[in-house]
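Data first, discussion second: the structure below is written as structure tokens.
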Amino acid sequence: MIKNLLFDLGGVIMDIEKANCVRAFDALGLPDAASFFGEYSQQGPFEALESGAIGPGTFRREIRALIPDGEAISDRKIDQAFEAFLTGIPLHRLAALRSLRKKYGLYMLSNTNPIMWNGFIAAQFSQEGMRRSDYFDGITTSFAAKCLKPARGIFDYAATTMEIDPAETLFLDDSETNCRAAVSYGWQALHVPVGTEFMELLKEKGMI
């Protein structure tokens, strides 16, 4: 019996566009910017920031060190280039979360970083005059857990800190790799392919 829904953020709730981010860092002069951004994970300083290994200040210093004349680039320009990865949360998905929370415990598990989390992401969740905590009963971020999906550690951290039973929780993610990993750890999972809406998939499963 599914009592909880555990949502990935990017690609499920938040629309994303990696190419925008690559172009933004290309414009800043980051050599071979595309090599830092995988389909579902990042590399170098980007991965270190998302895993909680470094903070925003160290991240910006490391990015500047990779760019010729990088010292002339402001913190804000670096942050804006990184946040170009995100395009926004459609209002209908925020409404969907509010509706689902009436029936299920709602939780989030996201590979993300404090720059996006405290900037663009926070702003998107305030569109209805609410906060993230108004949509979810608990949230786990990779930088707080100091671990990235699909590693087991972040799933165990989520189960423990949010006090949810994996067997009673459906994990929704746009990465099939993450979904397979979750199932191997004892969770239920639902793949949300690019271009699909999680509400439609939940309806197909007879959950709403």
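Here's how to read the names in the structure tokens: chain A, B, ... by the order shown, residue numbers from 1 in each chain, ligand numbers from 1 in the order shown.
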_All alpha helix (DSSP H) residues (DSSP, backbone) inside range 23-159 of chain A, as a count of residues only_ = 62
*What's the 10 Å shell around Tyr107 in chain A, counting only C-alpha atoms, without same-chain residues fewer than 6 positions away, as a ChimeraX atom specification?*
/A:4-8,101,133,135-140,158,162,164,169-171
File of the preceding selection, N, CA and C atoms, as a PDB file, in the first residue's frame:
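Written output follows (part-v9.pdb):
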ATOM      1  N   ASN A   4       3.027   7.212   0.676  1.00  0.00           N
ATOM      2  CA  ASN A   4       3.839   8.404   0.441  1.00  0.00           C
ATOM      3  C   ASN A   4       4.290   8.494  -1.012  1.00  0.00           C
ATOM      4  N   LEU A   5       4.458   9.711  -1.486  1.00  0.00           N
ATOM      5  CA  LEU A   5       5.046   9.968  -2.789  1.00  0.00           C
ATOM      6  C   LEU A   5       6.334  10.747  -2.566  1.00  0.00           C
ATOM      7  N   LEU A   6       7.416  10.253  -3.149  1.00  0.00           N
ATOM      8  CA  LEU A   6       8.737  10.877  -3.013  1.00  0.00           C
ATOM      9  C   LEU A   6       9.164  11.394  -4.385  1.00  0.00           C
ATOM     10  N   PHE A   7       9.178  12.705  -4.534  1.00  0.00           N
ATOM     11  CA  PHE A   7       9.412  13.326  -5.829  1.00  0.00           C
ATOM     12  C   PHE A   7      10.860  13.758  -6.043  1.00  0.00           C
ATOM     13  N   ASP A   8      11.374  13.431  -7.215  1.00  0.00           N
ATOM     14  CA  ASP A   8      12.542  14.134  -7.738  1.00  0.00           C
ATOM     15  C   ASP A   8      12.064  15.535  -8.122  1.00  0.00           C
ATOM     16  N   ARG A 101      -1.263  16.115  -1.753  1.00  0.00           N
ATOM     17  CA  ARG A 101      -0.932  16.109  -0.325  1.00  0.00           C
ATOM     18  C   ARG A 101      -2.153  15.844   0.546  1.00  0.00           C
ATOM     19  N   SER A 133       7.891  24.117   2.185  1.00  0.00           N
ATOM     20  CA  SER A 133       7.335  23.312   3.281  1.00  0.00           C
ATOM     21  C   SER A 133       5.811  23.254   3.245  1.00  0.00           C
ATOM     22  N   TYR A 135       4.235  22.520   0.550  1.00  0.00           N
ATOM     23  CA  TYR A 135       3.931  21.495  -0.450  1.00  0.00           C
ATOM     24  C   TYR A 135       4.396  20.102  -0.033  1.00  0.00           C
ATOM     25  N   PHE A 136       5.382  20.045   0.865  1.00  0.00           N
ATOM     26  CA  PHE A 136       5.992  18.760   1.218  1.00  0.00           C
ATOM     27  C   PHE A 136       6.039  18.546   2.725  1.00  0.00           C
ATOM     28  N   ASP A 137       5.945  17.272   3.104  1.00  0.00           N
ATOM     29  CA  ASP A 137       6.072  16.894   4.514  1.00  0.00           C
ATOM     30  C   ASP A 137       7.532  16.717   4.906  1.00  0.00           C
ATOM     31  N   GLY A 138       8.396  16.599   3.929  1.00  0.00           N
ATOM     32  CA  GLY A 138       9.830  16.462   4.192  1.00  0.00           C
ATOM     33  C   GLY A 138      10.613  16.608   2.908  1.00  0.00           C
ATOM     34  N   ILE A 139      11.845  17.093   3.021  1.00  0.00           N
ATOM     35  CA  ILE A 139      12.694  17.325   1.852  1.00  0.00           C
ATOM     36  C   ILE A 139      14.109  16.842   2.156  1.00  0.00           C
ATOM     37  N   THR A 140      14.692  16.121   1.208  1.00  0.00           N
ATOM     38  CA  THR A 140      16.094  15.727   1.285  1.00  0.00           C
ATOM     39  C   THR A 140      16.816  16.256   0.060  1.00  0.00           C
ATOM     40  N   ALA A 158      17.235   9.749   3.380  1.00  0.00           N
ATOM     41  CA  ALA A 158      15.865  10.239   3.227  1.00  0.00           C
ATOM     42  C   ALA A 158      14.886   9.456   4.096  1.00  0.00           C
ATOM     43  N   MET A 162      13.381  11.634   7.204  1.00  0.00           N
ATOM     44  CA  MET A 162      11.981  11.994   6.960  1.00  0.00           C
ATOM     45  C   MET A 162      11.014  10.984   7.553  1.00  0.00           C
ATOM     46  N   ILE A 164      10.121   7.818   6.776  1.00  0.00           N
ATOM     47  CA  ILE A 164       9.187   7.159   5.862  1.00  0.00           C
ATOM     48  C   ILE A 164       9.674   5.748   5.571  1.00  0.00           C
ATOM     49  N   THR A 169       6.368   3.750  -0.001  1.00  0.00           N
ATOM     50  CA  THR A 169       6.654   5.022  -0.668  1.00  0.00           C
ATOM     51  C   THR A 169       6.939   4.804  -2.148  1.00  0.00           C
ATOM     52  N   LEU A 170       6.290   5.596  -2.996  1.00  0.00           N
ATOM     53  CA  LEU A 170       6.520   5.562  -4.434  1.00  0.00           C
ATOM     54  C   LEU A 170       7.446   6.715  -4.806  1.00  0.00           C
ATOM     55  N   PHE A 171       8.584   6.371  -5.381  1.00  0.00           N
ATOM     56  CA  PHE A 171       9.600   7.340  -5.806  1.00  0.00           C
ATOM     57  C   PHE A 171       9.382   7.672  -7.268  1.00  0.00           C
TER      58      PHE A 171
END
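When only C-alpha atoms are used to measure the gap to Val12 in chain A, the shortest distance among A:Gly186, A:Gly57, A:Pro90, A:Pro31 belongs to A:Pro90.
Closest approach to Arg64 in chain A among A:Val194, A:Leu91, A:Gln42, A:Phe25 is made by A:Phe25 (distances from only C-alpha atoms).
For Arg76 in chain A, the residues within 10 Å (counting only C-alpha atoms, excluding itself and residues fewer than 5 positions away along the chain) are Arg60, Ala81 and Phe82 of chain A.
Residue nearest Ala27 in chain A within the list A:Thr87, A:Gln43, A:Gln80, A:Ser126: A:Gln80 [criterion: smallest interatomic distance, only C-alpha atoms].
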*Could you pull the residues within 10 Å of Arg98 in chain A, counting only C-alpha atoms, minus those fewer than 5 positions along the same chain, as a PyMOL selection string?*
chain A and resi 92-93+103+106+134-136
*Distance query Ile2 in chain A at most 10 Å, only C-alpha atoms, self and fewer than 3 positions along chain excluded, as number ranges by chain*: A: 5, 104-105, 165-170, 188, 207
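If only C-alpha atoms are the atoms counted, then among A:Arg23, A:Arg131, A:Met1, A:Gly10 the closest residue to Asp174 in chain A is A:Gly10.
CA of Phe198 in chain A to CA of Ile89 in chain A spans 13.1 Å [interatomic distance, one decimal].
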